[in-house]
file coords22.pdb (PDB, C-alpha atoms and all ligand atoms)
ATOM      1  CA  MET A 271      20.185  62.388  10.113
ATOM      2  CA  VAL A 272      23.969  62.395   9.814
ATOM      3  CA  SER A 273      25.947  64.405   7.329
ATOM      4  CA  PHE A 274      29.568  63.924   6.546
ATOM      5  CA  THR A 275      32.042  64.729   3.864
ATOM      6  CA  GLY A 276      33.139  61.758   1.811
ATOM      7  CA  LEU A 277      35.515  61.074  -1.016
ATOM      8  CA  SER A 278      36.535  64.077  -3.067
ATOM      9  CA  GLY A 279      34.741  66.410  -0.693
ATOM     10  CA  PHE A 280      31.192  65.353  -1.598
ATOM     11  CA  LYS A 281      28.701  65.848   1.181
ATOM     12  CA  TRP A 282      26.685  62.755   2.162
ATOM     13  CA  THR A 283      23.551  62.547   4.221
ATOM     14  CA  VAL A 284      22.479  59.218   5.685
ATOM     15  CA  ALA A 285      19.245  58.430   7.483
ATOM     16  CA  ASN A 286      19.502  57.247  11.068
ATOM     17  CA  GLY A 287      19.531  53.664  12.163
ATOM     18  CA  PHE A 288      21.098  51.736   9.332
ATOM     19  CA  ARG A 289      24.328  49.848   9.059
ATOM     20  CA  THR A 290      26.538  52.026   6.937
ATOM     21  CA  ASN A 291      30.264  52.343   7.153
ATOM     22  CA  PRO A 292      32.260  51.261  10.196
ATOM     23  CA  GLY A 293      32.046  54.242  12.494
ATOM     24  CA  GLN A 294      29.008  55.601  10.700
ATOM     25  CA  THR A 295      26.318  53.561  12.443
ATOM     26  CA  CYS A 296      23.633  55.891  13.742
ATOM     27  CA  PRO A 297      21.291  55.393  16.698
ATOM     28  CA  PRO A 298      18.545  52.921  15.793
ATOM     29  CA  VAL A 299      15.100  54.239  14.984
ATOM     30  CA  ASP A 300      12.024  52.327  13.882
ATOM     31  CA  ASN A 301      13.217  51.384  10.417
ATOM     32  CA  SER A 302      10.228  49.292   9.593
ATOM     33  CA  HIS A 303      11.526  48.831   6.104
ATOM     34  CA  ILE A 304      14.563  49.482   4.033
ATOM     35  CA  SER A 305      12.536  51.635   1.675
ATOM     36  CA  ASN A 306      12.783  54.302   4.383
ATOM     37  CA  ILE A 307      16.430  54.692   3.465
ATOM     38  CA  LEU A 308      17.506  58.172   2.545
ATOM     39  CA  LEU A 309      20.905  58.230   0.999
ATOM     40  CA  PHE A 310      21.939  60.941  -1.342
ATOM     41  CA  THR A 311      24.716  63.245  -2.235
ATOM     42  CA  THR A 312      24.904  66.880  -3.050
ATOM     43  CA  ASN A 313      26.824  65.832  -6.165
ATOM     44  CA  SER A 314      25.767  62.663  -7.896
ATOM     45  CA  LEU A 315      28.758  60.546  -8.783
ATOM     46  CA  LEU A 316      30.063  57.051  -8.184
ATOM     47  CA  VAL A 317      28.686  55.733  -4.905
ATOM     48  CA  PRO A 318      31.191  53.782  -2.820
ATOM     49  CA  ARG A 319      29.679  50.325  -2.274
ATOM     50  CA  LYS A 320      30.214  50.362   1.474
ATOM     51  CA  LEU A 321      28.255  53.553   1.884
ATOM     52  CA  LEU A 322      25.306  51.889   0.207
ATOM     53  CA  ALA A 323      25.427  48.775   2.345
ATOM     54  CA  VAL A 324      22.503  49.874   4.436
ATOM     55  CA  ARG A 325      20.742  46.587   4.941
ATOM     56  CA  LYS A 326      19.245  45.397   8.199
ATOM     57  CA  PHE A 327      19.745  41.782   9.207
ATOM     58  CA  PHE A 328      16.591  39.711   8.888
ATOM     59  CA  ILE A 329      16.186  36.341  10.611
ATOM     60  CA  ALA A 330      13.000  34.414   9.847
ATOM     61  CA  GLY A 331      11.843  31.025  11.092
ATOM     62  CA  ASN A 332      10.014  28.790   8.621
ATOM     63  CA  TRP A 333       8.121  26.322  10.771
ATOM     64  CA  LYS A 334       6.866  24.419   7.697
ATOM     65  CA  MET A 335       4.178  21.833   8.603
ATOM     66  CA  ASN A 336       5.300  21.405  12.192
ATOM     67  CA  LEU A 337       3.901  22.032  15.669
ATOM     68  CA  LEU A 338       0.277  22.141  16.811
ATOM     69  CA  ARG A 339      -1.576  25.113  18.245
ATOM     70  CA  ASP A 340      -0.423  24.735  21.860
ATOM     71  CA  SER A 341       3.195  24.048  20.956
ATOM     72  CA  SER A 342       3.188  26.992  18.489
ATOM     73  CA  VAL A 343       1.920  29.421  21.107
ATOM     74  CA  ALA A 344       4.285  27.990  23.725
ATOM     75  CA  LEU A 345       7.240  28.512  21.378
ATOM     76  CA  VAL A 346       6.222  32.118  20.772
ATOM     77  CA  HIS A 347       6.006  32.736  24.519
ATOM     78  CA  GLN A 348       9.495  31.305  24.997
ATOM     79  CA  LEU A 349      10.863  33.522  22.222
ATOM     80  CA  MET A 350       9.161  36.618  23.605
ATOM     81  CA  ASP A 351      10.315  35.930  27.171
ATOM     82  CA  GLN A 352      13.913  36.028  26.009
ATOM     83  CA  LEU A 353      13.802  38.547  23.182
ATOM     84  CA  HIS A 354      12.725  41.937  24.469
ATOM     85  CA  SER A 355      14.571  43.880  21.835
ATOM     86  CA  SER A 356      16.202  42.748  18.632
ATOM     87  CA  GLY A 357      18.417  45.762  17.987
ATOM     88  CA  ASN A 358      19.019  46.312  14.332
ATOM     89  CA  VAL A 359      17.725  42.861  13.375
ATOM     90  CA  ASP A 360      14.280  42.123  11.963
ATOM     91  CA  VAL A 361      12.850  38.866  13.290
ATOM     92  CA  ALA A 362       9.850  36.894  12.054
ATOM     93  CA  VAL A 363       8.235  33.503  12.470
ATOM     94  CA  CYS A 364       6.198  31.810   9.744
ATOM     95  CA  PRO A 365       3.845  29.225  11.241
ATOM     96  CA  PRO A 366       1.424  27.023   9.298
ATOM     97  CA  SER A 367      -1.487  29.113   8.012
ATOM     98  CA  VAL A 368      -4.031  27.537  10.357
ATOM     99  CA  TYR A 369      -2.079  28.899  13.335
ATOM    100  CA  LEU A 370      -1.386  32.396  11.998
ATOM    101  CA  HIS A 371      -4.226  33.791  14.073
ATOM    102  CA  ASP A 372      -3.132  32.228  17.371
ATOM    103  CA  VAL A 373       0.560  32.915  16.828
ATOM    104  CA  GLY A 374      -0.206  36.492  15.723
ATOM    105  CA  ALA A 375      -2.290  37.084  18.845
ATOM    106  CA  ALA A 376       0.483  35.692  21.042
ATOM    107  CA  LEU A 377       3.098  37.884  19.302
ATOM    108  CA  ARG A 378       1.166  41.126  19.799
ATOM    109  CA  GLY A 379       3.360  43.794  21.367
ATOM    110  CA  SER A 380       6.574  41.847  20.751
ATOM    111  CA  VAL A 381       9.484  42.615  18.449
ATOM    112  CA  ILE A 382       8.795  39.461  16.419
ATOM    113  CA  HIS A 383       6.816  39.768  13.198
ATOM    114  CA  LEU A 384       4.434  37.289  11.625
ATOM    115  CA  GLY A 385       4.918  35.703   8.214
ATOM    116  CA  ALA A 386       3.078  33.154   6.075
ATOM    117  CA  GLN A 387       4.615  30.276   4.137
ATOM    118  CA  ASN A 388       2.606  30.695   0.947
ATOM    119  CA  VAL A 389      -0.262  32.644  -0.628
ATOM    120  CA  TYR A 390      -2.492  32.542  -3.709
ATOM    121  CA  HIS A 391      -2.369  35.473  -6.094
ATOM    122  CA  ALA A 392      -6.096  36.000  -6.758
ATOM    123  CA  ALA A 393      -7.923  38.552  -4.637
ATOM    124  CA  GLU A 394     -10.924  36.310  -3.894
ATOM    125  CA  GLY A 395     -13.212  33.751  -5.460
ATOM    126  CA  ALA A 396     -13.632  30.049  -6.156
ATOM    127  CA  PHE A 397     -10.161  28.802  -5.240
ATOM    128  CA  THR A 398     -10.844  26.000  -2.786
ATOM    129  CA  GLY A 399      -8.122  25.585  -0.187
ATOM    130  CA  GLU A 400      -6.278  28.789  -1.038
ATOM    131  CA  ILE A 401      -5.547  31.924   0.996
ATOM    132  CA  SER A 402      -5.364  35.490  -0.336
ATOM    133  CA  CYS A 403      -2.993  38.357   0.436
ATOM    134  CA  ALA A 404      -5.858  40.312   2.015
ATOM    135  CA  MET A 405      -6.524  37.386   4.358
ATOM    136  CA  LEU A 406      -2.879  37.312   5.386
ATOM    137  CA  ARG A 407      -2.925  41.043   6.044
ATOM    138  CA  ASP A 408      -6.116  40.638   8.014
ATOM    139  CA  LEU A 409      -4.294  38.135  10.228
ATOM    140  CA  GLY A 410      -1.456  40.600  10.866
ATOM    141  CA  CYS A 411       1.147  39.097   8.539
ATOM    142  CA  LYS A 412       4.012  41.280   7.398
ATOM    143  CA  TYR A 413       5.932  38.693   5.353
ATOM    144  CA  VAL A 414       5.153  35.857   2.920
ATOM    145  CA  ILE A 415       7.605  33.190   1.800
ATOM    146  CA  LEU A 416       7.318  32.549  -1.948
ATOM    147  CA  GLY A 417       8.789  29.804  -4.092
ATOM    148  CA  HIS A 418      10.327  27.750  -1.293
ATOM    149  CA  SER A 419      12.141  24.780  -2.835
ATOM    150  CA  GLU A 420       9.622  22.413  -1.250
ATOM    151  CA  ARG A 421       6.797  24.239  -3.026
ATOM    152  CA  ARG A 422       8.761  24.120  -6.258
ATOM    153  CA  ALA A 423       9.710  20.428  -5.969
ATOM    154  CA  ILE A 424       6.609  18.940  -4.328
ATOM    155  CA  PHE A 425       3.851  21.237  -5.577
ATOM    156  CA  GLY A 426       5.304  22.101  -8.977
ATOM    157  CA  GLU A 427       5.558  25.868  -8.497
ATOM    158  CA  THR A 428       7.422  27.545 -11.321
ATOM    159  CA  ASP A 429       9.223  30.875 -11.576
ATOM    160  CA  ALA A 430       6.158  32.168 -13.443
ATOM    161  CA  ASP A 431       3.905  31.161 -10.516
ATOM    162  CA  VAL A 432       6.291  32.843  -8.094
ATOM    163  CA  ASN A 433       6.258  35.987 -10.215
ATOM    164  CA  THR A 434       2.442  36.107 -10.295
ATOM    165  CA  LYS A 435       2.285  35.689  -6.517
ATOM    166  CA  LEU A 436       5.052  38.227  -6.031
ATOM    167  CA  GLN A 437       3.141  40.902  -7.942
ATOM    168  CA  ALA A 438       0.042  40.264  -5.809
ATOM    169  CA  VAL A 439       2.013  40.282  -2.545
ATOM    170  CA  LEU A 440       3.726  43.578  -3.344
ATOM    171  CA  LYS A 441       0.439  45.143  -4.437
ATOM    172  CA  ALA A 442      -1.066  44.110  -1.109
ATOM    173  CA  GLY A 443       1.739  45.787   0.846
ATOM    174  CA  LEU A 444       3.166  42.549   2.224
ATOM    175  CA  THR A 445       6.905  41.857   2.147
ATOM    176  CA  PRO A 446       7.801  38.829   0.011
ATOM    177  CA  ILE A 447      10.668  36.476   0.801
ATOM    178  CA  VAL A 448      11.484  34.943  -2.586
ATOM    179  CA  CYS A 449      13.458  31.682  -2.371
ATOM    180  CA  ILE A 450      15.919  30.571  -5.012
ATOM    181  CA  GLY A 451      18.599  27.913  -5.027
ATOM    182  CA  GLU A 452      20.123  25.046  -6.966
ATOM    183  CA  THR A 453      19.844  21.300  -6.430
ATOM    184  CA  LEU A 454      22.868  19.129  -5.713
ATOM    185  CA  ALA A 455      22.835  17.803  -9.289
ATOM    186  CA  GLN A 456      22.823  21.360 -10.646
ATOM    187  CA  ARG A 457      25.716  22.353  -8.374
ATOM    188  CA  GLU A 458      27.716  19.296  -9.356
ATOM    189  CA  ALA A 459      27.051  20.044 -13.019
ATOM    190  CA  GLY A 460      28.558  23.503 -12.485
ATOM    191  CA  SER A 461      25.292  25.285 -13.247
ATOM    192  CA  THR A 462      24.640  27.014  -9.906
ATOM    193  CA  GLN A 463      25.115  30.496 -11.321
ATOM    194  CA  THR A 464      22.925  29.840 -14.382
ATOM    195  CA  VAL A 465      20.161  28.278 -12.289
ATOM    196  CA  VAL A 466      20.111  30.958  -9.603
ATOM    197  CA  ARG A 467      20.365  33.813 -12.099
ATOM    198  CA  GLY A 468      17.546  32.260 -14.143
ATOM    199  CA  GLN A 469      15.295  31.840 -11.104
ATOM    200  CA  CYS A 470      15.937  35.442 -10.039
ATOM    201  CA  THR A 471      15.431  36.887 -13.506
ATOM    202  CA  HIS A 472      12.134  35.067 -14.111
ATOM    203  CA  SER A 473      10.739  35.267 -10.577
ATOM    204  CA  LEU A 474      11.461  39.002 -10.359
ATOM    205  CA  ALA A 475      10.369  39.904 -13.897
ATOM    206  CA  GLY A 476       8.474  43.158 -14.279
ATOM    207  CA  LEU A 477       9.253  44.544 -10.834
ATOM    208  CA  THR A 478       9.921  48.261 -10.520
ATOM    209  CA  SER A 479      13.053  49.352  -8.670
ATOM    210  CA  ASP A 480      10.916  50.389  -5.744
ATOM    211  CA  GLN A 481       9.230  46.965  -5.627
ATOM    212  CA  MET A 482      12.591  45.202  -5.872
ATOM    213  CA  ALA A 483      13.955  47.210  -2.953
ATOM    214  CA  LYS A 484      10.989  45.991  -0.881
ATOM    215  CA  THR A 485      11.572  42.340  -1.810
ATOM    216  CA  VAL A 486      13.646  39.991   0.337
ATOM    217  CA  LEU A 487      15.532  37.171  -1.396
ATOM    218  CA  ALA A 488      16.528  33.925   0.283
ATOM    219  CA  TYR A 489      19.308  31.925  -1.316
ATOM    220  CA  GLU A 490      18.664  28.362  -0.244
ATOM    221  CA  PRO A 491      20.754  25.662  -1.913
ATOM    222  CA  VAL A 492      18.307  22.765  -2.039
ATOM    223  CA  TRP A 493      20.991  20.277  -1.031
ATOM    224  CA  ALA A 494      21.487  22.151   2.244
ATOM    225  CA  ILE A 495      17.838  22.312   3.310
ATOM    226  CA  GLY A 496      16.990  20.003   6.172
ATOM    227  CA  THR A 497      20.024  17.848   5.423
ATOM    228  CA  GLY A 498      22.453  19.163   8.018
ATOM    229  CA  LYS A 499      24.786  20.092   5.120
ATOM    230  CA  THR A 500      25.484  23.800   5.051
ATOM    231  CA  ALA A 501      27.043  25.718   2.206
ATOM    232  CA  THR A 502      30.400  26.963   3.387
ATOM    233  CA  PRO A 503      30.423  30.699   4.100
ATOM    234  CA  ALA A 504      32.565  31.135   0.967
ATOM    235  CA  GLN A 505      30.148  29.124  -1.216
ATOM    236  CA  ALA A 506      27.162  31.091   0.089
ATOM    237  CA  GLU A 507      28.913  34.446  -0.217
ATOM    238  CA  GLU A 508      29.911  33.704  -3.811
ATOM    239  CA  VAL A 509      26.268  33.178  -4.808
ATOM    240  CA  HIS A 510      24.986  36.136  -2.759
ATOM    241  CA  ALA A 511      27.536  38.440  -4.355
ATOM    242  CA  ASP A 512      26.568  37.147  -7.797
ATOM    243  CA  ILE A 513      22.859  37.751  -7.107
ATOM    244  CA  ARG A 514      23.701  41.328  -6.136
ATOM    245  CA  GLU A 515      25.694  41.693  -9.340
ATOM    246  CA  LEU A 516      22.705  40.421 -11.311
ATOM    247  CA  LEU A 517      20.377  42.878  -9.537
ATOM    248  CA  LYS A 518      22.759  45.678 -10.470
ATOM    249  CA  GLY A 519      22.228  44.812 -14.127
ATOM    250  CA  LEU A 520      18.471  44.208 -13.829
ATOM    251  CA  PHE A 521      17.885  47.357 -11.748
ATOM    252  CA  ASP A 522      20.752  49.560 -10.562
ATOM    253  CA  ALA A 523      23.535  49.651  -8.006
ATOM    254  CA  SER A 524      21.517  51.359  -5.323
ATOM    255  CA  VAL A 525      18.675  48.803  -5.588
ATOM    256  CA  ALA A 526      21.200  45.951  -5.662
ATOM    257  CA  ASN A 527      22.835  47.238  -2.508
ATOM    258  CA  SER A 528      19.503  47.710  -0.727
ATOM    259  CA  VAL A 529      18.041  44.250  -1.228
ATOM    260  CA  VAL A 530      18.188  41.981   1.813
ATOM    261  CA  ILE A 531      19.441  38.530   0.808
ATOM    262  CA  GLN A 532      19.030  35.819   3.414
ATOM    263  CA  TYR A 533      20.871  32.512   3.390
ATOM    264  CA  GLY A 534      18.964  29.328   4.187
ATOM    265  CA  GLY A 535      20.069  25.742   4.561
ATOM    266  CA  SER A 536      20.781  24.102   7.922
ATOM    267  CA  VAL A 537      21.604  27.398   9.640
ATOM    268  CA  LYS A 538      22.296  26.747  13.307
ATOM    269  CA  ALA A 539      23.760  28.496  16.320
ATOM    270  CA  ASP A 540      27.223  27.146  15.574
ATOM    271  CA  ASN A 541      27.436  28.265  11.938
ATOM    272  CA  ALA A 542      25.337  31.452  12.082
ATOM    273  CA  ASN A 543      28.119  33.837  13.035
ATOM    274  CA  GLU A 544      30.413  32.822  10.186
ATOM    275  CA  LEU A 545      27.650  32.834   7.574
ATOM    276  CA  LEU A 546      26.148  36.141   8.702
ATOM    277  CA  SER A 547      29.570  37.790   8.806
ATOM    278  CA  GLN A 548      29.889  37.481   5.027
ATOM    279  CA  PRO A 549      29.503  40.883   3.357
ATOM    280  CA  ASN A 550      26.530  39.928   1.168
ATOM    281  CA  ILE A 551      24.635  37.714   3.616
ATOM    282  CA  ASP A 552      21.979  39.773   5.373
ATOM    283  CA  GLY A 553      20.182  37.223   7.444
ATOM    284  CA  ALA A 554      18.878  33.688   7.547
ATOM    285  CA  LEU A 555      15.774  31.742   6.660
ATOM    286  CA  VAL A 556      15.809  29.027   9.280
ATOM    287  CA  GLY A 557      13.855  25.764   9.098
ATOM    288  CA  GLY A 558      14.610  23.040  11.642
ATOM    289  CA  ALA A 559      16.435  25.270  14.113
ATOM    290  CA  SER A 560      13.468  27.668  14.285
ATOM    291  CA  LEU A 561      11.278  25.063  15.996
ATOM    292  CA  LYS A 562      12.918  25.500  19.387
ATOM    293  CA  SER A 563      13.737  28.743  21.140
ATOM    294  CA  GLU A 564      17.094  27.385  22.292
ATOM    295  CA  SER A 565      18.187  26.829  18.695
ATOM    296  CA  PHE A 566      16.494  29.875  17.086
ATOM    297  CA  LEU A 567      17.402  32.626  19.544
ATOM    298  CA  PRO A 568      21.187  32.112  19.337
ATOM    299  CA  ILE A 569      20.916  32.735  15.577
ATOM    300  CA  VAL A 570      19.098  36.019  16.215
ATOM    301  CA  GLN A 571      21.640  36.894  18.887
ATOM    302  CA  ALA A 572      24.522  36.121  16.533
ATOM    303  CA  ALA A 573      23.093  38.615  14.049
ATOM    304  CA  MET A 574      22.630  41.222  16.802
ATOM    305  CA  LYS A 575      26.330  41.013  17.664
ATOM    306  CA  ILE A 576      27.662  41.430  14.134
ATOM    307  CA  LYS A 577      28.722  44.878  13.011
ATOM    308  CA  LYS A 578      29.415  45.130   9.301
TER     309      LYS A 578
HETATM  310  C1  LIG B 601      14.112  26.127   5.013
HETATM  311  O1  LIG B 601      13.194  25.355   5.080
HETATM  312  O2  LIG B 601      13.951  27.217   4.444
HETATM  313  C2  LIG B 601      15.386  25.741   5.605
HETATM  314  C3  LIG B 601      16.426  26.464   5.365
HETATM  315  O3  LIG B 601      15.383  24.594   6.381
HETATM  316  P1  LIG B 601      16.595  24.071   7.298
HETATM  317  O4  LIG B 601      17.100  25.253   8.104
HETATM  318  O5  LIG B 601      15.984  23.024   8.182
HETATM  319  O6  LIG B 601      17.644  23.552   6.395
END
call {"tool": "encode", "arguments": {"input": "coords22.pdb", "output": "structure tokens"}}
result
Amino acid sequence: MVSFTGLSGFKWTVANGFRTNPGQTCPPVDNSHISNILLFTTNSLLVPRKLLAVRKFFIAGNWKMNLLRDSSVALVHQLMDQLHSSGNVDVAVCPPSVYLHDVGAALRGSVIHLGAQNVYHAAEGAFTGEISCAMLRDLGCKYVILGHSERRAIFGETDADVNTKLQAVLKAGLTPIVCIGETLAQREAGSTQTVVRGQCTHSLAGLTSDQMAKTVLAYEPVWAIGTGKTATPAQAEEVHADIRELLKGLFDASVANSVVIQYGGSVKADNANELLSQPNIDGALVGGASLKSESFLPIVQAAMKIKK
């Protein structure tokens, strides 16, 4: 715990191990989740934004429907051989559900967490082909991706579906990664802000502040996914900052400043540093480049080097 005197002589106390102000970074501890954050003042007044920027980087690989069992386990071994510690960066891989068991077993004891790509909201029952939150927990999952643009576009998932799943995921103690993002046509029509704000508002409806602080968002412009086209750092930052502004209105400033917002869309070793250096970009959801250790690890390493 670190105490210091801030603006106007107020005394601040900040929990160890989080990115705070330049010069205020404390020794890392096991911050398994941002909800562990303790940040308070002896006088409650305006909170300088920088002092609330306590988010850990989070890099997750979405393997989608790629790799078979042997190649999945081999990839995990390559990642583990080269990533003994991840510093103040959370790292996860999200393999296809049929390989969660094998990948989870291979990851045991490593710094890399396990995530799923989808889930069904019901606890159990006659839902042929579906997988419940309890099953994911049973397999050792920590994260679940929800509302990926491919699920929205190909499988017809709506914001209401995402919201139903989100409630179930949070209730089960899993960490959701909720994806939002506009299509090329929506961007060209100038409706990016309306679309992204609408997706956030409806997907996150009914969440308590505590639940929101435990939810990861991934801004993924659809036109940048798997296309090799990346949003420029300025384009991505503009949307991330606007999402945080929206969260301030829907919840409050401290929740807005706590939520981890990843960027996704053709993130690669050569653009990771610039994207991740933006003030409101807290990590990456990586598709294609997560399928090989030589393209995924440099993204993790880029995040490890950045001090905000
Ligand atoms: C994704 O699928 O979430 C993604 C961002 O893919 P890619 O990195 O391949 O664009």
call {"tool": "residues_near_ligand", "arguments": {"input": "coords22.pdb", "ligand": "ligand LIG 601 (chain B)", "cutoff": "10 Å", "atoms": "only C-alpha atoms and all ligand atoms", "output": "ChimeraX atom specification"}}
result
/A:330-334,387,415,418-420,449,488-500,532-538,554-561
call {"tool": "resolve_selection", "arguments": {"input": "coords22.pdb", "expression": "the PyMOL selection byres (((chain A and resi 358) around 7) and not hetatm)", "output": "PyMOL selection string"}}
result
chain A and resi 298+326-327+356-357+359-360+574
call {"tool": "residues_around", "arguments": {"input": "coords22.pdb", "residues": "Ala438 in chain A", "least_positions_apart": "3", "cutoff": "8 Å", "atoms": "only C-alpha atoms", "output": "list in words"}}
result
His391, Ala392, Cys403, Thr434, Lys435, Lys441 and Ala442 of chain A
call {"tool": "resolve_selection", "arguments": {"input": "coords22.pdb", "expression": "the PyMOL selection byres (((chain A and resi 479-483) around 7) and not hetatm)", "output": "ChimeraX atom specification"}}
result
/A:305,440,477-478,484-485,521,525,528-529
call {"tool": "atom_distance", "arguments": {"input": "coords22.pdb", "atom1": "CA of Leu436 in chain A", "atom2": "CA of Asn550 in chain A"}}
result
22.7 Å
call {"tool": "resolve_selection", "arguments": {"input": "coords22.pdb", "expression": "the PyMOL selection byres (((chain A and resi 372) around 12) and not hetatm)", "output": "list of chain:residue names"}}
result
A:Leu338, A:Arg339, A:Asp340, A:Ser341, A:Ser342, A:Val343, A:Ala344, A:Leu345, A:Val346, A:His347, A:Pro365, A:Pro366, A:Ser367, A:Val368, A:Tyr369, A:Leu370, A:His371, A:Val373, A:Gly374, A:Ala375, A:Ala376, A:Leu377, A:Arg378, A:Leu384, A:Leu409, A:Gly410, A:Cys411
call {"tool": "closest_residue", "arguments": {"input": "coords22.pdb", "among": "A:Ala572, A:Val361, A:Val509, A:Ala386", "to": "Glu544 in chain A", "atoms": "all atoms listed in the file"}}
result
A:Ala572
call {"tool": "axis_aligned_box", "arguments": {"input": "coords22.pdb", "around": "range 534-541 of chain A", "padding_each_side": "6 Å", "output": "AutoDock Vina command-line options"}}
result
--center_x 23.2 --center_y 26.7 --center_z 10.3 --size_x 20.5 --size_y 17.2 --size_z 24.1
call {"tool": "residues_around", "arguments": {"input": "coords22.pdb", "residues": "Arg514 in chain A", "least_positions_apart": "2", "cutoff": "8 Å", "atoms": "all atoms listed in the file", "output": "PyMOL selection string"}}
result
chain A and resi 510-512+516-518+526-527+550
call {"tool": "write_last_selection", "arguments": {"input": "coords22.pdb", "atoms": "C-alpha atoms", "output": "PDB file, in the coordinates of the input"}}
result
ATOM      1  CA  HIS A 510      24.986  36.136  -2.759  1.00  0.00           C
ATOM      2  CA  ALA A 511      27.536  38.440  -4.355  1.00  0.00           C
ATOM      3  CA  ASP A 512      26.568  37.147  -7.797  1.00  0.00           C
ATOM      4  CA  LEU A 516      22.705  40.421 -11.311  1.00  0.00           C
ATOM      5  CA  LEU A 517      20.377  42.878  -9.537  1.00  0.00           C
ATOM      6  CA  LYS A 518      22.759  45.678 -10.470  1.00  0.00           C
ATOM      7  CA  ALA A 526      21.200  45.951  -5.662  1.00  0.00           C
ATOM      8  CA  ASN A 527      22.835  47.238  -2.508  1.00  0.00           C
ATOM      9  CA  ASN A 550      26.530  39.928   1.168  1.00  0.00           C
TER      10      ASN A 550
END
call {"tool": "atom_distance", "arguments": {"input": "coords22.pdb", "atom1": "CA of Ser473 in chain A", "atom2": "CA of Asn433 in chain A"}}
result
4.6 Å
call {"tool": "closest_residue", "arguments": {"input": "coords22.pdb", "among": "A:Asn336, A:Thr453, A:Thr445, A:Thr428", "to": "Gln469 in chain A", "atoms": "only C-alpha atoms"}}
result
A:Thr428
call {"tool": "closest_residue", "arguments": {"input": "coords22.pdb", "among": "A:Ala573, A:Ala430, A:Ala501, A:Ala362", "to": "Met350 in chain A", "atoms": "all atoms listed in the file"}}
result
A:Ala362
call {"tool": "atom_distance", "arguments": {"input": "coords22.pdb", "atom1": "CA of Glu427 in chain A", "atom2": "CA of Ala459 in chain A"}}
result
22.7 Å
call {"tool": "closest_residue", "arguments": {"input": "coords22.pdb", "among": "A:Gly519, A:Gly417, A:Pro568, A:Gly426", "to": "Gly451 in chain A", "atoms": "all atoms listed in the file"}}
result
A:Gly417
call {"tool": "closest_residue", "arguments": {"input": "coords22.pdb", "among": "A:Gly379, A:Gly460, A:Gly399, A:Pro446", "to": "Tyr413 in chain A", "atoms": "all atoms listed in the file"}}
result
A:Pro446
call {"tool": "residues_around", "arguments": {"input": "coords22.pdb", "residues": "Val530 in chain A", "least_positions_apart": "6", "cutoff": "7 Å", "atoms": "only C-alpha atoms", "output": "list in words"}}
result
Arg325, Val486, Leu487 and Asp552 of chain A
call {"tool": "closest_residue", "arguments": {"input": "coords22.pdb", "among": "A:Ile329, A:Val432, A:Ile450, A:Ala539", "to": "Gly385 in chain A", "atoms": "all atoms listed in the file"}}
result
A:Ile329
